[in-house]
>>> print(open('query_28.txt').read())   # compact mmCIF, C-alpha atoms
# COMPACT_ATOMS: atom_id res chain seq x y z
CA MET X 1 -23.94 -25.49 -28.37
CA GLY X 2 -27.66 -24.71 -28.33
CA ASP X 3 -27.51 -24.19 -24.57
CA TYR X 4 -24.83 -21.58 -24.98
CA ILE X 5 -26.88 -19.63 -27.53
CA VAL X 6 -29.86 -19.64 -25.18
CA LEU X 7 -27.58 -18.44 -22.39
CA ILE X 8 -26.23 -15.61 -24.55
CA ILE X 9 -29.69 -14.43 -25.59
CA SER X 10 -31.11 -14.65 -22.11
CA CYS X 11 -28.19 -12.72 -20.61
CA ILE X 12 -28.30 -9.94 -23.19
CA PHE X 13 -32.04 -9.47 -23.64
CA ILE X 14 -34.28 -11.39 -21.27
CA ASN X 15 -32.34 -10.92 -18.04
CA ASN X 16 -30.72 -7.68 -19.12
CA ILE X 17 -28.48 -6.65 -16.29
CA ILE X 18 -29.90 -3.15 -15.91
CA LEU X 19 -33.41 -3.26 -17.24
CA ALA X 20 -34.47 -6.58 -15.72
CA GLN X 21 -32.07 -7.18 -12.82
CA TYR X 22 -31.62 -3.59 -11.60
CA LEU X 23 -27.83 -3.85 -11.38
CA GLY X 24 -25.56 -1.00 -12.40
CA ALA X 25 -28.24 1.68 -12.25
CA CYS X 26 -25.87 4.40 -10.99
CA PRO X 27 -23.59 4.52 -14.05
CA PHE X 28 -26.69 3.89 -16.17
CA LEU X 29 -28.11 7.25 -15.10
CA GLY X 30 -24.79 8.97 -14.49
CA THR X 31 -23.05 8.47 -17.80
CA THR X 32 -25.89 8.54 -20.32
CA LYS X 33 -26.40 12.25 -20.72
CA LYS X 34 -24.08 12.17 -23.70
CA MET X 35 -23.58 9.42 -26.24
CA GLU X 36 -19.77 9.66 -26.03
CA THR X 37 -19.56 8.96 -22.30
CA ALA X 38 -22.10 6.15 -22.63
CA VAL X 39 -19.99 4.44 -25.29
CA GLY X 40 -16.83 4.90 -23.18
CA MET X 41 -18.47 3.38 -20.13
CA ALA X 42 -19.96 0.52 -22.15
CA PHE X 43 -16.57 -0.57 -23.47
CA ALA X 44 -14.84 -0.14 -20.12
CA VAL X 45 -17.44 -2.40 -18.50
CA ILE X 46 -17.25 -5.04 -21.24
CA PHE X 47 -13.49 -5.15 -20.78
CA VAL X 48 -13.41 -5.32 -16.98
CA LEU X 49 -16.48 -7.50 -16.49
CA THR X 50 -15.15 -10.23 -18.76
CA MET X 51 -11.87 -10.37 -16.89
CA ALA X 52 -13.52 -10.09 -13.48
CA GLY X 53 -15.92 -12.92 -14.37
CA ILE X 54 -13.06 -15.25 -15.19
CA ILE X 55 -10.85 -14.33 -12.23
CA THR X 56 -13.55 -14.46 -9.57
CA TRP X 57 -14.70 -17.84 -10.88
CA VAL X 58 -11.16 -19.19 -10.59
CA VAL X 59 -10.66 -17.66 -7.14
CA ASN X 60 -13.95 -19.08 -5.94
CA THR X 61 -13.45 -22.58 -7.33
CA PHE X 62 -9.79 -23.17 -6.62
CA PHE X 63 -9.33 -21.13 -3.50
CA LEU X 64 -12.47 -20.34 -1.51
CA ASN X 65 -14.26 -23.64 -2.08
CA LYS X 66 -11.13 -25.70 -1.63
CA PHE X 67 -10.30 -24.26 1.76
CA GLY X 68 -13.91 -23.82 2.95
CA LEU X 69 -13.70 -20.04 3.05
CA GLN X 70 -17.05 -19.24 1.39
CA TYR X 71 -17.91 -16.69 4.06
CA LEU X 72 -15.01 -14.55 2.80
CA ARG X 73 -16.50 -14.40 -0.70
CA THR X 74 -17.73 -10.78 -0.49
CA ILE X 75 -14.36 -9.47 0.66
CA ALA X 76 -12.39 -11.63 -1.77
CA PHE X 77 -14.49 -10.58 -4.77
CA ILE X 78 -14.36 -6.88 -4.06
CA LEU X 79 -10.60 -7.06 -3.59
CA VAL X 80 -10.22 -8.94 -6.88
CA ILE X 81 -12.35 -6.36 -8.70
CA ALA X 82 -10.65 -3.34 -7.13
CA SER X 83 -7.15 -4.61 -7.83
CA LEU X 84 -8.14 -5.73 -11.33
CA VAL X 85 -9.42 -2.25 -12.12
CA GLN X 86 -6.22 -0.72 -10.77
CA PHE X 87 -4.09 -3.15 -12.76
CA VAL X 88 -6.02 -2.63 -15.98
CA GLU X 89 -5.68 1.11 -15.53
CA MET X 90 -1.89 0.92 -15.11
CA PHE X 91 -1.50 -1.56 -17.95
CA LEU X 92 -3.51 0.54 -20.39
CA LYS X 93 -1.69 3.70 -19.40
CA LYS X 94 1.67 2.09 -20.19
CA SER X 95 0.90 0.04 -23.26
CA ILE X 96 -2.23 1.35 -25.02
CA PRO X 97 -2.37 5.09 -24.23
CA ALA X 98 -5.03 5.74 -26.89
CA LEU X 99 -7.47 3.32 -25.27
CA TYR X 100 -6.54 4.67 -21.85
CA ALA X 101 -7.39 8.18 -22.93
CA GLY X 102 -10.77 6.93 -24.12
CA LEU X 103 -11.69 4.86 -21.07
CA GLY X 104 -9.62 6.79 -18.53
CA ILE X 105 -12.13 8.42 -16.24
CA PHE X 106 -14.58 5.52 -16.38
CA LEU X 107 -12.20 2.85 -15.15
CA PRO X 108 -12.03 3.86 -11.46
CA LEU X 109 -15.82 4.17 -11.39
CA ILE X 110 -16.17 0.53 -12.29
CA THR X 111 -14.98 -0.62 -8.87
CA THR X 112 -18.25 0.52 -7.37
CA ASN X 113 -20.37 -0.58 -10.32
CA CYS X 114 -22.63 -3.21 -8.86
CA ALA X 115 -23.11 -4.83 -12.28
CA VAL X 116 -19.55 -6.22 -12.13
CA MET X 117 -19.83 -7.61 -8.61
CA GLY X 118 -23.42 -8.71 -9.30
CA VAL X 119 -22.54 -10.80 -12.35
CA CYS X 120 -19.67 -12.46 -10.49
CA LEU X 121 -22.08 -13.41 -7.69
CA ILE X 122 -24.77 -14.58 -10.13
CA ASN X 123 -22.22 -16.86 -11.81
CA ILE X 124 -21.40 -18.45 -8.47
CA ASN X 125 -25.01 -18.71 -7.30
CA GLU X 126 -26.12 -20.37 -10.54
CA GLU X 127 -23.18 -22.80 -10.21
CA TYR X 128 -21.99 -22.17 -13.75
CA GLY X 129 -19.01 -24.06 -15.14
CA PHE X 130 -16.03 -22.17 -16.50
CA ILE X 131 -17.26 -21.80 -20.10
CA GLN X 132 -20.75 -20.82 -18.95
CA ALA X 133 -19.34 -18.27 -16.51
CA LEU X 134 -17.20 -16.80 -19.26
CA ILE X 135 -20.11 -16.60 -21.71
CA SER X 136 -22.48 -15.15 -19.12
CA ALA X 137 -19.93 -12.49 -18.11
CA ILE X 138 -19.40 -11.40 -21.72
CA SER X 139 -23.12 -11.48 -22.55
CA TYR X 140 -24.18 -9.57 -19.46
CA ALA X 141 -21.52 -6.97 -20.26
CA VAL X 142 -22.73 -6.67 -23.86
CA GLY X 143 -26.29 -6.34 -22.57
CA PHE X 144 -25.13 -3.57 -20.24
CA GLY X 145 -23.41 -1.71 -23.07
CA PHE X 146 -26.41 -2.20 -25.33
CA ALA X 147 -28.83 -0.79 -22.77
CA LEU X 148 -26.50 2.11 -22.00
CA ILE X 149 -26.15 3.14 -25.64
CA LEU X 150 -29.88 2.75 -26.36
CA PHE X 151 -30.75 4.82 -23.32
CA ALA X 152 -28.23 7.55 -24.16
CA GLY X 153 -29.78 7.83 -27.63
CA VAL X 154 -33.27 8.24 -26.19
CA ARG X 155 -32.10 10.63 -23.50
CA GLU X 156 -30.40 12.98 -25.94
CA ARG X 157 -33.77 13.43 -27.61
CA VAL X 158 -35.76 13.76 -24.38
CA VAL X 159 -33.67 16.79 -23.37
CA LEU X 160 -34.88 18.60 -26.47
CA GLY X 161 -38.54 18.23 -25.48
CA ARG X 162 -40.40 20.52 -23.09
CA VAL X 163 -40.09 18.73 -19.76
CA PRO X 164 -41.99 20.17 -16.75
CA GLN X 165 -39.60 21.65 -14.18
CA PRO X 166 -39.93 19.19 -11.29
CA LEU X 167 -39.52 16.26 -13.68
CA GLN X 168 -36.27 17.45 -15.21
CA ASP X 169 -32.96 15.57 -15.27
CA THR X 170 -32.86 12.40 -13.14
CA SER X 171 -36.59 12.21 -12.68
CA ILE X 172 -37.47 12.10 -16.38
CA GLY X 173 -34.43 9.87 -16.86
CA LEU X 174 -35.89 7.27 -14.52
CA VAL X 175 -39.30 7.39 -16.18
CA THR X 176 -37.64 6.98 -19.59
CA ALA X 177 -35.69 4.02 -18.23
CA GLY X 178 -38.98 2.55 -17.04
CA VAL X 179 -40.47 2.78 -20.53
CA LEU X 180 -37.32 1.25 -22.03
CA SER X 181 -37.48 -1.53 -19.50
CA LEU X 182 -41.12 -2.12 -20.43
CA THR X 183 -40.06 -2.71 -24.04
CA PHE X 184 -37.48 -5.25 -22.87
CA PHE X 185 -40.36 -7.10 -21.25
CA ALA X 186 -41.38 -8.21 -24.69
CA PHE X 187 -38.31 -10.46 -24.80
CA LYS X 188 -39.59 -12.48 -21.86
CA GLY X 189 -41.57 -14.81 -24.09
CA MET X 190 -38.58 -15.68 -26.28
CA VAL X 191 -37.06 -18.61 -24.42
CA MET O 1 -19.42 25.32 8.86
CA ALA O 2 -19.59 23.79 12.32
CA LYS O 3 -22.94 22.08 12.60
CA THR O 4 -24.37 20.68 15.77
CA LEU O 5 -24.81 16.94 16.18
CA ALA O 6 -28.54 17.24 15.73
CA GLN O 7 -28.05 19.04 12.42
CA GLU O 8 -25.66 16.37 11.17
CA PHE O 9 -28.29 13.80 12.01
CA VAL O 10 -31.30 15.63 10.58
CA LYS O 11 -29.67 16.53 7.25
CA GLY O 12 -29.82 12.84 6.28
CA LEU O 13 -33.58 12.85 6.66
CA TRP O 14 -34.45 15.64 4.25
CA GLU O 15 -31.66 17.90 3.02
CA GLU O 16 -29.42 15.10 1.76
CA ILE O 17 -31.81 12.15 1.85
CA PRO O 18 -30.53 9.33 -0.34
CA PRO O 19 -31.39 8.31 -2.98
CA PHE O 20 -33.47 11.42 -3.75
CA ARG O 21 -31.11 14.28 -2.95
CA LEU O 22 -27.90 12.33 -3.42
CA VAL O 23 -28.59 10.17 -6.45
CA LEU O 24 -26.52 7.26 -5.14
CA GLY O 25 -27.31 3.69 -4.27
CA LEU O 26 -29.99 3.25 -6.87
CA CYS O 27 -29.55 -0.47 -7.45
CA PRO O 28 -30.74 -1.70 -4.05
CA THR O 29 -33.42 1.00 -4.09
CA LEU O 30 -34.87 -0.32 -7.32
CA ALA O 31 -34.39 -3.98 -6.63
CA VAL O 32 -35.61 -4.64 -3.12
CA THR O 33 -38.61 -2.31 -2.86
CA LYS O 34 -41.20 -4.82 -3.99
CA SER O 35 -42.69 -4.61 -0.51
CA VAL O 36 -42.39 -2.38 2.54
CA GLU O 37 -40.86 -5.18 4.58
CA ASN O 38 -38.00 -5.85 2.15
CA GLY O 39 -37.33 -2.14 1.76
CA ILE O 40 -37.06 -1.55 5.49
CA GLY O 41 -34.95 -4.69 6.00
CA MET O 42 -32.50 -3.50 3.37
CA GLY O 43 -32.51 -0.01 4.90
CA ILE O 44 -31.65 -1.35 8.35
CA ALA O 45 -28.84 -3.54 6.99
CA THR O 46 -27.39 -0.55 5.13
CA THR O 47 -27.72 1.69 8.20
CA PHE O 48 -25.78 -0.82 10.28
CA VAL O 49 -22.98 -0.95 7.73
CA LEU O 50 -22.96 2.84 7.38
CA VAL O 51 -22.69 3.52 11.10
CA CYS O 52 -20.02 0.86 11.70
CA ALA O 53 -17.96 1.83 8.64
CA ASN O 54 -18.19 5.56 9.48
CA THR O 55 -17.06 4.87 13.05
CA LEU O 56 -14.08 2.76 12.07
CA VAL O 57 -12.99 5.01 9.21
CA SER O 58 -13.19 8.01 11.51
CA LEU O 59 -11.16 6.24 14.21
CA LEU O 60 -8.50 5.19 11.71
CA ARG O 61 -8.42 8.44 9.75
CA ASN O 62 -4.96 9.39 11.03
CA ILE O 63 -3.49 5.95 10.32
CA ILE O 64 -4.84 5.29 6.81
CA PRO O 65 -2.51 6.80 4.18
CA ALA O 66 -4.44 9.10 1.85
CA LYS O 67 -3.23 7.36 -1.31
CA VAL O 68 -4.72 3.95 -0.56
CA ARG O 69 -7.74 5.20 1.35
CA ILE O 70 -10.33 3.90 -1.12
CA ALA O 71 -8.96 0.36 -0.88
CA CYS O 72 -8.95 0.62 2.91
CA PHE O 73 -12.55 1.87 2.95
CA ILE O 74 -13.65 -1.00 0.77
CA VAL O 75 -12.03 -3.59 3.02
CA ILE O 76 -13.65 -2.02 6.10
CA ILE O 77 -17.06 -1.90 4.42
CA ALA O 78 -16.75 -5.45 3.08
CA THR O 79 -15.96 -6.69 6.59
CA PHE O 80 -19.13 -5.19 8.04
CA VAL O 81 -21.20 -6.41 5.10
CA THR O 82 -19.97 -9.92 5.82
CA VAL O 83 -21.03 -9.45 9.46
CA VAL O 84 -24.51 -8.36 8.37
CA GLU O 85 -24.75 -11.24 5.91
CA LEU O 86 -23.93 -13.85 8.55
CA LEU O 87 -26.23 -12.21 11.14
CA MET O 88 -29.16 -12.14 8.72
CA GLN O 89 -28.54 -15.73 7.70
CA ALA O 90 -28.76 -16.71 11.37
CA PHE O 91 -31.61 -14.53 12.63
CA ALA O 92 -33.70 -13.35 9.64
CA TYR O 93 -33.49 -16.17 7.12
CA PRO O 94 -36.67 -15.35 5.07
CA LEU O 95 -35.44 -11.77 4.62
CA PHE O 96 -31.99 -13.08 3.72
CA LEU O 97 -33.55 -15.16 0.94
CA ALA O 98 -35.76 -12.29 -0.26
CA LEU O 99 -32.85 -9.85 -0.55
CA GLY O 100 -30.57 -12.42 -2.19
CA ILE O 101 -27.44 -11.07 -3.83
CA PHE O 102 -28.29 -7.52 -2.81
CA ILE O 103 -26.87 -8.08 0.68
CA PRO O 104 -23.28 -8.69 -0.53
CA LEU O 105 -23.86 -5.85 -2.97
CA ILE O 106 -24.10 -3.35 -0.09
CA VAL O 107 -20.28 -3.31 -0.49
CA VAL O 108 -20.60 -1.50 -3.79
CA ASN O 109 -23.42 0.76 -2.62
CA CYS O 110 -21.99 4.17 -3.40
CA ILE O 111 -23.74 5.76 -0.40
CA VAL O 112 -21.56 3.91 2.09
CA LEU O 113 -18.30 4.60 0.26
CA GLY O 114 -19.42 8.17 -0.39
CA ARG O 115 -20.02 8.90 3.30
CA SER O 116 -16.66 7.40 4.28
CA GLU O 117 -14.89 9.53 1.70
CA ALA O 118 -16.85 12.76 2.09
CA PHE O 119 -17.49 12.76 5.80
CA ALA O 120 -15.94 10.18 8.11
CA PHE O 121 -12.40 10.52 6.77
CA LYS O 122 -12.33 14.19 7.75
CA ARG O 123 -14.34 14.30 10.96
CA SER O 124 -14.14 12.92 14.48
CA VAL O 125 -16.03 9.87 15.68
CA VAL O 126 -19.21 11.28 17.19
CA PRO O 127 -20.32 13.45 14.23
CA SER O 128 -19.49 10.52 11.92
CA ILE O 129 -21.82 8.25 13.85
CA ALA O 130 -24.56 10.92 13.74
CA ASP O 131 -24.03 11.33 10.00
CA GLY O 132 -24.13 7.58 9.35
CA LEU O 133 -27.25 7.18 11.45
CA GLY O 134 -29.03 10.11 9.78
CA ILE O 135 -28.23 9.05 6.22
CA GLY O 136 -29.05 5.44 7.07
CA ILE O 137 -32.45 6.27 8.53
CA GLY O 138 -33.17 8.58 5.59
CA PHE O 139 -32.34 5.73 3.22
CA THR O 140 -34.58 3.36 5.21
CA LEU O 141 -37.47 5.85 5.04
CA ALA O 142 -36.99 6.31 1.30
CA LEU O 143 -36.92 2.55 0.67
CA GLY O 144 -39.92 2.03 2.93
CA SER O 145 -42.03 4.67 1.18
CA LEU O 146 -41.10 3.50 -2.33
CA GLY O 147 -41.84 -0.04 -1.15
CA ALA O 148 -45.24 1.12 0.14
CA VAL O 149 -46.18 2.71 -3.18
CA ARG O 150 -45.11 -0.32 -5.19
CA GLU O 151 -46.70 -2.82 -2.82
CA LEU O 152 -49.97 -0.88 -2.73
CA LEU O 153 -50.26 -0.57 -6.51
CA GLY O 154 -48.61 -3.86 -7.41
CA SER O 155 -50.33 -6.26 -5.07
CA GLY O 156 -52.94 -4.14 -3.27
CA THR O 157 -51.46 -4.69 0.18
CA VAL O 158 -49.38 -2.75 2.70
CA LEU O 159 -47.14 -4.81 4.99
CA GLY O 160 -49.02 -7.89 3.81
CA ILE O 161 -52.45 -6.56 4.87
CA ASP O 162 -55.06 -6.24 2.14
CA VAL O 163 -56.19 -2.61 2.06
CA THR O 164 -57.81 -2.16 -1.33
CA GLY O 165 -60.52 -4.83 -1.24
CA ALA O 166 -61.39 -7.48 -3.80
CA SER O 167 -62.56 -5.12 -6.54
CA PHE O 168 -59.04 -3.71 -7.06
CA GLU O 169 -57.07 -5.22 -9.91
CA PRO O 170 -53.35 -4.90 -9.04
CA PHE O 171 -50.97 -3.41 -11.62
CA ALA O 172 -48.60 -6.36 -11.88
CA PHE O 173 -45.99 -4.31 -13.70
CA MET O 174 -45.37 -2.18 -10.59
CA LEU O 175 -43.61 -5.17 -9.02
CA GLU O 176 -41.30 -5.59 -12.00
CA ALA O 177 -38.39 -3.48 -13.23
CA PRO O 178 -40.44 -0.88 -15.19
CA GLY O 179 -42.58 -0.11 -12.12
CA ALA O 180 -39.44 0.41 -10.05
CA PHE O 181 -37.96 2.92 -12.48
CA ILE O 182 -41.20 4.81 -13.07
CA GLY O 183 -42.18 4.78 -9.38
CA LEU O 184 -38.83 6.20 -8.30
CA GLY O 185 -38.88 8.77 -11.11
CA LEU O 186 -42.31 10.05 -10.10
CA MET O 187 -41.39 10.14 -6.40
CA LEU O 188 -38.33 12.20 -7.29
CA CYS O 189 -40.62 14.55 -9.24
CA VAL O 190 -42.89 14.96 -6.21
CA MET O 191 -39.86 15.63 -3.97
CA ASN O 192 -38.60 18.28 -6.38
CA PHE O 193 -42.04 19.85 -6.54
CA ILE O 194 -42.34 20.09 -2.73
CA GLY O 195 -38.71 21.21 -2.37
CA LYS O 196 -39.24 24.16 -4.73
CA LYS O 197 -41.98 25.76 -2.62
>>> encode(input="query_28.txt", output="structure tokens")
Amino acid sequence: MGDYIVLIISCIFINNIILAQYLGACPFLGTTKKMETAVGMAFAVIFVLTMAGIITWVVNTFFLNKFGLQYLRTIAFILVIASLVQFVEMFLKKSIPALYAGLGIFLPLITTNCAVMGVCLININEEYGFIQALISAISYAVGFGFALILFAGVRERVVLGRVPQPLQDTSIGLVTAGVLSLTFFAFKGMV
Amino acid sequence: MAKTLAQEFVKGLWEEIPPFRLVLGLCPTLAVTKSVENGIGMGIATTFVLVCANTLVSLLRNIIPAKVRIACFIVIIATFVTVVELLMQAFAYPLFLALGIFIPLIVVNCIVLGRSEAFAFKRSVVPSIADGLGIGIGFTLALGSLGAVRELLGSGTVLGIDVTGASFEPFAFMLEAPGAFIGLGLMLCVMNFIGKK
């Protein structure tokens, strides 16, 4: 049990998917200009990443490893993620229209979110078991959402300040992300 | 709107240089630029995938149905990424280890998908190759220069050669995530500043 708690904390804070592992930086900068879009993206990623983590683990263990097809891993994973996103989109549209309206535009973007693919690959490289893979997928996703929402909050304030012209928009966004990432450094001593 | 081949090629080097002008493909940019060598290695791998994917997408543009084009692009890109992965494992093993999971992640690099969608799907083969090559080399230059800044400040070397002397105390944080974000942000600022003039 203790191991799992350590895993959760290290995935959310210490190895935060964006601020320590550099994965998913495009949506991190793209969707955080407003708090609403950041929250939408955060939940869409939590949803898809959890499912993708489980499915890719199963595909890898029971299919690729069994038949010695490891070299097809990249193609297999991206197909799983792309079709999963498509399926989730259709399912939500039919059965939970309210949630679909909320997540709608963010779902297709997730296919090319490297955080999803990255976590699936990390799970395989670290040779996690099923429960560990599941926990790491959820925790990384929560860490992603957490960072996204924190950053959106900071960014909404930064816009109000007087930013020099060449630094505006993405540039100041990256510097702000750097400062935020510096604060996450403090977690490194925790485990 | 008809540009010459040379213009298609050159636009990738300044006008639309990723990741500065087109803010795409940030993850590999941030992650692998701890040194010049890694940055350039990643740039070359991405260029290869870009050129091959652009060529194939352009050749197949009349066969691929428009509705499932994204899925088709991804399969094409993933195929070439697998090729690069196996080639690097065979011929550049230290670089393969240094880049780690970021080689398979070229699949989800938005630059490659973006060029297939925005350019190669609509144009013939030769301009697509020129476009892929230009954007790829621009990306390599950008990664190399960010790598140079971070390597110089973070470990006091350039391409592994000590240039600052013993009295220089390296800023260790430049090699970590905060240095990557801040370094890229400031480079973008400099680019904007020069571009305005």
>>> interface_residues(input="query_28.txt", of="chain O", to="chain X", cutoff="8 Å", atoms="all atoms listed in the file", output="ChimeraX atom specification")
/O:23-28,30-31,71,74-75,78-79,81-82,101,104-105,107-110,176-186,188-190,192-193
>>> atom_distance(input="query_28.txt", atom1="CA of Ser58 in chain O", atom2="CA of Gly114 in chain O")
13.4 Å
>>> atom_distance(input="query_28.txt", atom1="CA of Phe48 in chain O", atom2="CA of Ile70 in chain O")
19.8 Å
>>> atom_distance(input="query_28.txt", atom1="CA of Val163 in chain X", atom2="CA of Asn16 in chain X")
28.0 Å
>>> closest_residue(input="query_28.txt", among="O:Ile137, O:Asn38, O:Ile76, O:Glu117", to="Val158 in chain O", atoms="only C-alpha atoms")
O:Asn38
>>> closest_residue(input="query_28.txt", among="X:Gly145, X:Gly153, X:Gly161, X:Gly40", to="Phe13 in chain X", atoms="only C-alpha atoms")
X:Gly145
>>> residues_around(input="query_28.txt", residues="Phe121 in chain O", least_positions_apart="3", cutoff="10 Å", atoms="all atoms listed in the file", output="JSON, numbers by chain")
{"O": [54, 55, 56, 57, 58, 59, 60, 61, 62, 64, 66, 69, 73, 115, 116, 117, 118, 124, 125, 128]}
>>> write_last_selection(input="query_28.txt", atoms="C-alpha atoms", output="PDB file, in the coordinates of the input")
ATOM      1  CA  ASN O  54     -18.190   5.560   9.480  1.00  0.00           C
ATOM      2  CA  THR O  55     -17.060   4.870  13.050  1.00  0.00           C
ATOM      3  CA  LEU O  56     -14.080   2.760  12.070  1.00  0.00           C
ATOM      4  CA  VAL O  57     -12.990   5.010   9.210  1.00  0.00           C
ATOM      5  CA  SER O  58     -13.190   8.010  11.510  1.00  0.00           C
ATOM      6  CA  LEU O  59     -11.160   6.240  14.210  1.00  0.00           C
ATOM      7  CA  LEU O  60      -8.500   5.190  11.710  1.00  0.00           C
ATOM      8  CA  ARG O  61      -8.420   8.440   9.750  1.00  0.00           C
ATOM      9  CA  ASN O  62      -4.960   9.390  11.030  1.00  0.00           C
ATOM     10  CA  ILE O  64      -4.840   5.290   6.810  1.00  0.00           C
ATOM     11  CA  ALA O  66      -4.440   9.100   1.850  1.00  0.00           C
ATOM     12  CA  ARG O  69      -7.740   5.200   1.350  1.00  0.00           C
ATOM     13  CA  PHE O  73     -12.550   1.870   2.950  1.00  0.00           C
ATOM     14  CA  ARG O 115     -20.020   8.900   3.300  1.00  0.00           C
ATOM     15  CA  SER O 116     -16.660   7.400   4.280  1.00  0.00           C
ATOM     16  CA  GLU O 117     -14.890   9.530   1.700  1.00  0.00           C
ATOM     17  CA  ALA O 118     -16.850  12.760   2.090  1.00  0.00           C
ATOM     18  CA  SER O 124     -14.140  12.920  14.480  1.00  0.00           C
ATOM     19  CA  VAL O 125     -16.030   9.870  15.680  1.00  0.00           C
ATOM     20  CA  SER O 128     -19.490  10.520  11.920  1.00  0.00           C
TER      21      SER O 128
END
>>> residues_around(input="query_28.txt", residues="range 88-90 of chain X", least_positions_apart="4", cutoff="8 Å", atoms="only C-alpha atoms", output="short mmCIF file (atom, residue, chain, number, x, y, z; two decimals) with C-alpha atoms, keeping the file's coordinate frame")
data_model
loop_
_atom_site.label_atom_id
_atom_site.label_comp_id
_atom_site.auth_asym_id
_atom_site.auth_seq_id
_atom_site.Cartn_x
_atom_site.Cartn_y
_atom_site.Cartn_z
CA VAL X 48 -13.41 -5.32 -16.98
CA LEU X 84 -8.14 -5.73 -11.33
CA LYS X 94 1.67 2.09 -20.19
CA TYR X 100 -6.54 4.67 -21.85
CA GLY X 104 -9.62 6.79 -18.53
CA LEU X 107 -12.20 2.85 -15.15
#
>>> closest_residue(input="query_28.txt", among="O:Ile194, O:Ile77, O:Leu13, O:Met42", to="Ala98 in chain O", atoms="all atoms listed in the file")
O:Met42
>>> residues_near_point(input="query_28.txt", point="(-31.3, 16.3, 8.3)", cutoff="12 Å", atoms="all atoms listed in the file", output="count of residues only")
27
>>> decode(input="query_28.txt", residues="range 98-135 of chain O", atoms="C-alpha atoms", output="PDB file, in the first residue's frame")
ATOM      1  CA  ALA O  98      19.998   9.914 -24.609  1.00  0.00           C
ATOM      2  CA  LEU O  99      16.784  10.737 -26.478  1.00  0.00           C
ATOM      3  CA  GLY O 100      14.852   7.888 -24.846  1.00  0.00           C
ATOM      4  CA  ILE O 101      11.085   8.001 -25.205  1.00  0.00           C
ATOM      5  CA  PHE O 102      11.255  11.175 -27.268  1.00  0.00           C
ATOM      6  CA  ILE O 103      12.042   9.198 -30.420  1.00  0.00           C
ATOM      7  CA  PRO O 104       8.702   7.323 -30.469  1.00  0.00           C
ATOM      8  CA  LEU O 105       7.098  10.604 -29.455  1.00  0.00           C
ATOM      9  CA  ILE O 106       8.022  12.155 -32.828  1.00  0.00           C
ATOM     10  CA  VAL O 107       4.718  10.533 -33.898  1.00  0.00           C
ATOM     11  CA  VAL O 108       2.771  13.021 -31.831  1.00  0.00           C
ATOM     12  CA  ASN O 109       4.992  15.968 -32.741  1.00  0.00           C
ATOM     13  CA  CYS O 110       2.436  18.414 -34.087  1.00  0.00           C
ATOM     14  CA  ILE O 111       4.917  19.848 -36.609  1.00  0.00           C
ATOM     15  CA  VAL O 112       4.952  16.666 -38.674  1.00  0.00           C
ATOM     16  CA  LEU O 113       1.180  16.207 -38.635  1.00  0.00           C
ATOM     17  CA  GLY O 114       0.717  19.927 -39.226  1.00  0.00           C
ATOM     18  CA  ARG O 115       2.861  19.934 -42.373  1.00  0.00           C
ATOM     19  CA  SER O 116       1.072  16.867 -43.761  1.00  0.00           C
ATOM     20  CA  GLU O 117      -2.289  18.503 -43.186  1.00  0.00           C
ATOM     21  CA  ALA O 118      -1.446  22.064 -44.178  1.00  0.00           C
ATOM     22  CA  PHE O 119       0.948  21.466 -47.014  1.00  0.00           C
ATOM     23  CA  ALA O 120       1.627  17.989 -48.384  1.00  0.00           C
ATOM     24  CA  PHE O 121      -2.027  16.971 -48.703  1.00  0.00           C
ATOM     25  CA  LYS O 122      -2.653  19.839 -51.115  1.00  0.00           C
ATOM     26  CA  ARG O 123       0.570  20.082 -53.087  1.00  0.00           C
ATOM     27  CA  SER O 124       2.599  17.966 -55.473  1.00  0.00           C
ATOM     28  CA  VAL O 125       5.631  15.936 -54.476  1.00  0.00           C
ATOM     29  CA  VAL O 126       8.565  18.234 -55.175  1.00  0.00           C
ATOM     30  CA  PRO O 127       7.323  21.315 -53.250  1.00  0.00           C
ATOM     31  CA  SER O 128       6.335  18.987 -50.388  1.00  0.00           C
ATOM     32  CA  ILE O 129       9.867  17.657 -50.158  1.00  0.00           C
ATOM     33  CA  ALA O 130      11.249  21.219 -50.228  1.00  0.00           C
ATOM     34  CA  ASP O 131       8.804  22.232 -47.500  1.00  0.00           C
ATOM     35  CA  GLY O 132       9.651  19.228 -45.318  1.00  0.00           C
ATOM     36  CA  LEU O 133      13.362  19.808 -45.742  1.00  0.00           C
ATOM     37  CA  GLY O 134      13.096  23.539 -44.974  1.00  0.00           C
ATOM     38  CA  ILE O 135      10.953  23.122 -41.872  1.00  0.00           C
TER      39      ILE O 135
END
